[in-house]
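S.K.: Before anything else, here's the structure in question.
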Amino acid sequence: MDVKETQLQCPQYKKCGGCQLQRMSYVEQLHHKQLREIKLLGRFGHVEEIIGMENPFHYRNKVTAAFALDRRRKIVSGVYQSSSHRVVPIDSCMIEDETADAIIVDIRKMLPEFKIQIYDERNGTGWLRHVLVRRGFATGQVMVVLVAVSMLFKLQKPFLKKLLELHPEITTVVLNLNDRFGPVVLGNRDKVLFGNGYIEDLLCGHRFRISPSSFYQINPVQTEILYRTAVDFASLTGEETVLDAYCGIGTIGITACERAKQVIGVELNQEAVKDAIVNAKLNGIKNCWFTAGNAGMYMQRMAEDSMRPDVVFMDPPRAGSDQKFLTSLLKTAPSRIVYVSCNPETMARDLGILTEDGIYRVRKTQPVDMFPFTDHVETVVLLSQRKPDDYIRVDLDINELDKTPSGTKASYAEIKDYIKKNYGVNVTNLYIAQIKRKCGIIERENYNFPKNENNRVPVCPPEKEEIIKEALRHFKMIA
Ligand code: SAH
């Protein structure tokens with residue numbers, strides 16, 4: 001049977017809540033996501049057909065397990081039941097990496113032998129909170145992160161010996177300290193117990209180092225498609241200064257930099273920035289710089305310093321971008337903006353802001369299915385500044401319209417020539433018509449007004465208005 005026609009038959013479907021679309025075949029899911037994208041983003045322009053997966057199973061390269069005791073006080077591992085703190089036992093999952101699932105099951109089985117107690121949030125007893133496993137699909141490297149409430153690990157050596165015997169594919173083991181209350185999985189301190197504390201993976205022909213807390217896309221197969229689409233949309237020629245905002249470990253910037261003059265990446269998570277700097281070095285790249293900080297503040301500073309990137313990639317988290325970033329972005333006026341988003345709702349909100357004043361327009365929208373069986377969907381959008389061709393054609397019968405007070409008439413071509421010669425700037429017929437009308441020269445309107453409300457007529461900027469008025473004075477069309 002074609003995998004695309006299959007449904008998931010997961011016994012934990014209802015309790016887990018992770019695969020919201022599992023009752024649909026994969027083909028139906030893609031259709032469902034396409035309609036949602038059209039509903040949310042269609043008002044900005046045509047939405048291309050969503051790019052799905054050949055094989056939509058076991059695509060997750062990262063698995064996080066929580067632990068609990070069942071009624072018979074046996075340790076179970078799995079995920080939190082949606083919007084609760086009850087653990088739904090899961091040993092294998094159709095969308096998770098199978099190696100990662102097997103490692104988690106074996107760690108759970110090893111816990112009693114090594115006297116490891118699971119942490120109980122209600123009374124603050126025990127030690128182990130979570131286990132996180134990440135696998136580089138292209139390199140085969142595997143990272144295991146034990147998240148615990150203290151750094152004291154009594155039987156560390158024999159535990160590691162047994163774990164590595166069972167799973168020689170593990171390349172690094174890290175102990176992460178999380179002694180804070182709350183749902184966040186990882187704490188701020190890491191201790192490397194085995195290996196080098198990170199894994200590497202290959203994407204779009206580049207090698208990337210990934211630390212435990214750094215963001216890394218969870219579906220590497222589709223990520224290649226996503227990044228290639230984003231870089232394609234940017235139409236780089238090698239001359240551009242590119243900003244990679246919300247850059248994580250630098251993956252988009254590094255994928256794009258061969259076709260750009262230089263890339264600057266900005267990212268909040270310091271560990272991710274360290275990874276990004278190493279990643280540029282690892283790939284022998286010399287035209288990428290990365291900096292730690294808030295993307296909104298960074299963008300604001302760029303706008304204040306009148307810096308103007310040619311292309312901006314932005315890939316914010318699910319909550320989308322913020323007002324500071326978006327208004328500063330508009331001020332820096334890049335030629336092209338490539339917006340990558342895992343949440344079409346916040347993306348639609350942000351695109352509304354970016355296209356509000358009519359300067360930017362959405363040119364392409366490409367959904368990519370990064371999360372089969374869940375209702376999440378990723379989207380790449382290209383925005384660019386409106387070109388003169390985008391403006392509405394204006395048919396003006398100049399001779400019929402012009403009734404100058406003095407009876408003197410200079411043609412539009414003469415006015416344009418005069419302005420070009422004396423001021424070195426080009427003005428459009430539309431701008432001349434607007435100023436003439438403002439000065440009371442044109443008595444009758446003959447604009448072809450836009451057919452729909454999205455098409456706004458550009459308004460002559462003040463500096464050009466002054467120049468046109470001067471020309472009209474020169475031709476004695478106004479006093
Ligand atoms: N482009 C990267 C990361 C995308 S995920 C990739 O494809 O892998 C979003 C990233 O934004 C995360 O790395 C997160 O740490 C970062 N982030 C969240 N809020 C931010 C902010 N205000 N300023 C800068 N980075 C931020």
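Identifiers for the structure tokens are assigned positionally: chains receive A, B, ... in sequence, residues are indexed from 1 per chain, and ligands are indexed from 1 in the order shown.
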Dump the neighbourhood of ligand 1 as an NGL selection string: all residues within 9 Å, distances computed on only C-alpha atoms and all ligand atoms.
M.R.: :A and (213-217 or 223 or 226-227 or 244-253 or 266-270 or 272-273 or 292-298 or 313-322 or 325 or 340-342)
S.K.: Counting only C-alpha atoms, what is within 6 Å of range 228-240 of chain A, bar same-chain residues fewer than 6 positions away, as a list of chain:residue names?
M.R.: A:Ala256, A:Arg259, A:Ala260, A:Lys261, A:Asp310
S.K.: Pick out the closest residue to Lys416 in chain A from this set: A:Glu49, A:Asp106, A:Glu470, A:Glu345. Count only C-alpha atoms.
M.R.: A:Glu470
S.K.: If we count only C-alpha atoms, what is near Phe159 in chain A at a cut-off of 9 Å, once residues fewer than 4 positions away on the same chain are taken out, given as a list of chain:residue names?
M.R.: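 Residues meeting the cut-off are A:Met110, A:Leu111, A:Glu113, A:Phe114, A:Leu155, A:Leu163, A:Leu164.
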S.K.: Could you pull the residues within 12 Å of His31 in chain A, counting only C-alpha atoms, minus those fewer than 2 positions along the same chain, as a compact mmCIF listing (two decimals) with N, CA and C atoms, in the first residue's frame?
M.R.:
# COMPACT_ATOMS: atom_id res chain seq x y z
N LYS A 4 1.40 7.05 1.47
CA LYS A 4 0.64 8.30 1.53
C LYS A 4 -0.85 8.07 1.78
N LEU A 21 -3.47 14.86 13.47
CA LEU A 21 -4.08 14.50 12.18
C LEU A 21 -3.98 13.01 11.87
N MET A 24 -6.24 11.03 9.56
CA MET A 24 -6.29 11.33 8.12
C MET A 24 -5.16 10.58 7.43
N SER A 25 -5.36 10.20 6.16
CA SER A 25 -4.24 9.65 5.40
C SER A 25 -3.28 10.80 5.13
N TYR A 26 -2.05 10.50 4.71
CA TYR A 26 -1.07 11.57 4.51
C TYR A 26 -1.53 12.53 3.41
N VAL A 27 -2.14 11.98 2.38
CA VAL A 27 -2.63 12.82 1.29
C VAL A 27 -3.69 13.81 1.81
N GLU A 28 -4.57 13.29 2.65
CA GLU A 28 -5.60 14.17 3.24
C GLU A 28 -4.98 15.25 4.13
N GLN A 29 -3.94 14.86 4.85
CA GLN A 29 -3.27 15.84 5.73
C GLN A 29 -2.70 16.99 4.92
N LYS A 33 -3.66 20.90 5.21
CA LYS A 33 -2.68 21.96 5.50
C LYS A 33 -2.69 23.03 4.41
N GLN A 34 -2.86 22.57 3.17
CA GLN A 34 -2.89 23.51 2.03
C GLN A 34 -4.07 24.49 2.21
N LEU A 35 -5.21 23.94 2.58
CA LEU A 35 -6.40 24.80 2.75
C LEU A 35 -6.18 25.81 3.87
N ARG A 36 -5.55 25.35 4.94
CA ARG A 36 -5.28 26.23 6.08
C ARG A 36 -4.34 27.37 5.65
N GLU A 37 -3.33 27.01 4.87
CA GLU A 37 -2.37 28.02 4.39
C GLU A 37 -3.09 29.04 3.50
N ILE A 38 -3.97 28.53 2.63
CA ILE A 38 -4.68 29.45 1.73
C ILE A 38 -5.58 30.38 2.55
N GLU A 49 1.74 24.80 -4.00
CA GLU A 49 1.32 23.52 -3.43
C GLU A 49 2.33 23.06 -2.37
N ILE A 50 1.83 22.62 -1.25
CA ILE A 50 2.69 22.19 -0.14
C ILE A 50 3.62 21.04 -0.57
N ILE A 51 4.86 21.09 -0.11
CA ILE A 51 5.80 20.01 -0.42
C ILE A 51 5.77 19.00 0.72
N GLY A 52 5.29 17.80 0.42
CA GLY A 52 5.16 16.75 1.43
C GLY A 52 6.37 15.82 1.43
N PRO A 367 4.51 26.47 1.22
CA PRO A 367 4.43 25.64 2.43
C PRO A 367 5.27 24.36 2.28
N ASP A 369 5.88 20.63 4.39
CA ASP A 369 5.40 19.83 5.51
C ASP A 369 6.57 19.26 6.29
N PRO A 372 4.65 15.87 9.54
CA PRO A 372 3.53 15.00 9.19
C PRO A 372 2.80 14.46 10.42
N ASP A 375 -0.60 18.98 13.32
CA ASP A 375 -1.22 20.05 12.53
C ASP A 375 -0.29 21.24 12.31
N VAL A 377 2.71 23.33 10.37
CA VAL A 377 3.19 23.44 8.99
C VAL A 377 4.17 24.60 8.90
S.K.: Measuring between only C-alpha atoms, which one of A:Ser384, A:Gln22, A:Ser150, A:Asn279 shows the shortest distance to Val311 in chain A?
M.R.: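 Residue with the minimum atom-to-atom distance to Val311 in chain A: A:Ser384.
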S.K.: Any idea what the distance is between CA of Ile90 in chain A and CA of Arg60 in chain A?
M.R.: 14.8 Å
S.K.: Which polymer residues have any atom within 7 Å of an atom of Asn219 in chain A, counting only C-alpha atoms, with same-chain residues fewer than 5 positions away left out, as a count of residues only?
M.R.: 4
S.K.: Range 34-117 of chain A near range 169-175 of chain A within 12 Å: what's each residue's closest atom pair and its distance in Å to one decimal, counting only C-alpha atoms, ordered by chain then ascending residue number, as a Markdown table?
M.R.:
| residue | atom | partner | partner_atom | distance |
| --- | --- | --- | --- | --- |
| A:Thr99 | CA | A:Glu169 | CA | 9.0 |
| A:Ala100 | CA | A:Ile170 | CA | 9.8 |
| A:Ala102 | CA | A:Glu169 | CA | 11.6 |
| A:Ile103 | CA | A:Ile170 | CA | 8.9 |
| A:Ile104 | CA | A:Ile170 | CA | 11.9 |
S.K.: Output C-alpha atoms of each residue in that selection to a file, as a PDB file, in the first residue's frame.
M.R.:
ATOM      1  CA  THR A  99      17.186   4.587  17.594  1.00  0.00           C
ATOM      2  CA  ALA A 100      16.271   7.425  19.954  1.00  0.00           C
ATOM      3  CA  ALA A 102      15.200   2.351  21.769  1.00  0.00           C
ATOM      4  CA  ILE A 103      17.836   4.245  23.795  1.00  0.00           C
ATOM      5  CA  ILE A 104      15.181   5.830  25.994  1.00  0.00           C
TER       6      ILE A 104
END
S.K.: Quick check, in Å to one decimal: how far apart do CA of Val362 in chain A and CA of Pro334 in chain A lie?
M.R.: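 Those two atoms sit 13.8 Å apart.
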S.K.: Please, what distance in Å, to one decimal, runs between CA of Val242 in chain A and CA of Ala303 in chain A?
M.R.: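 Separating CA of Val242 in chain A from CA of Ala303 in chain A is a distance of 14.6 Å.
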S.K.: Using DSSP on the backbone coordinates, identify the residues of range 237-311 of chain A assigned to strand (DSSP E); present them as a ChimeraX atom specification.
M.R.: /A:241-245,262-267,288-292,311
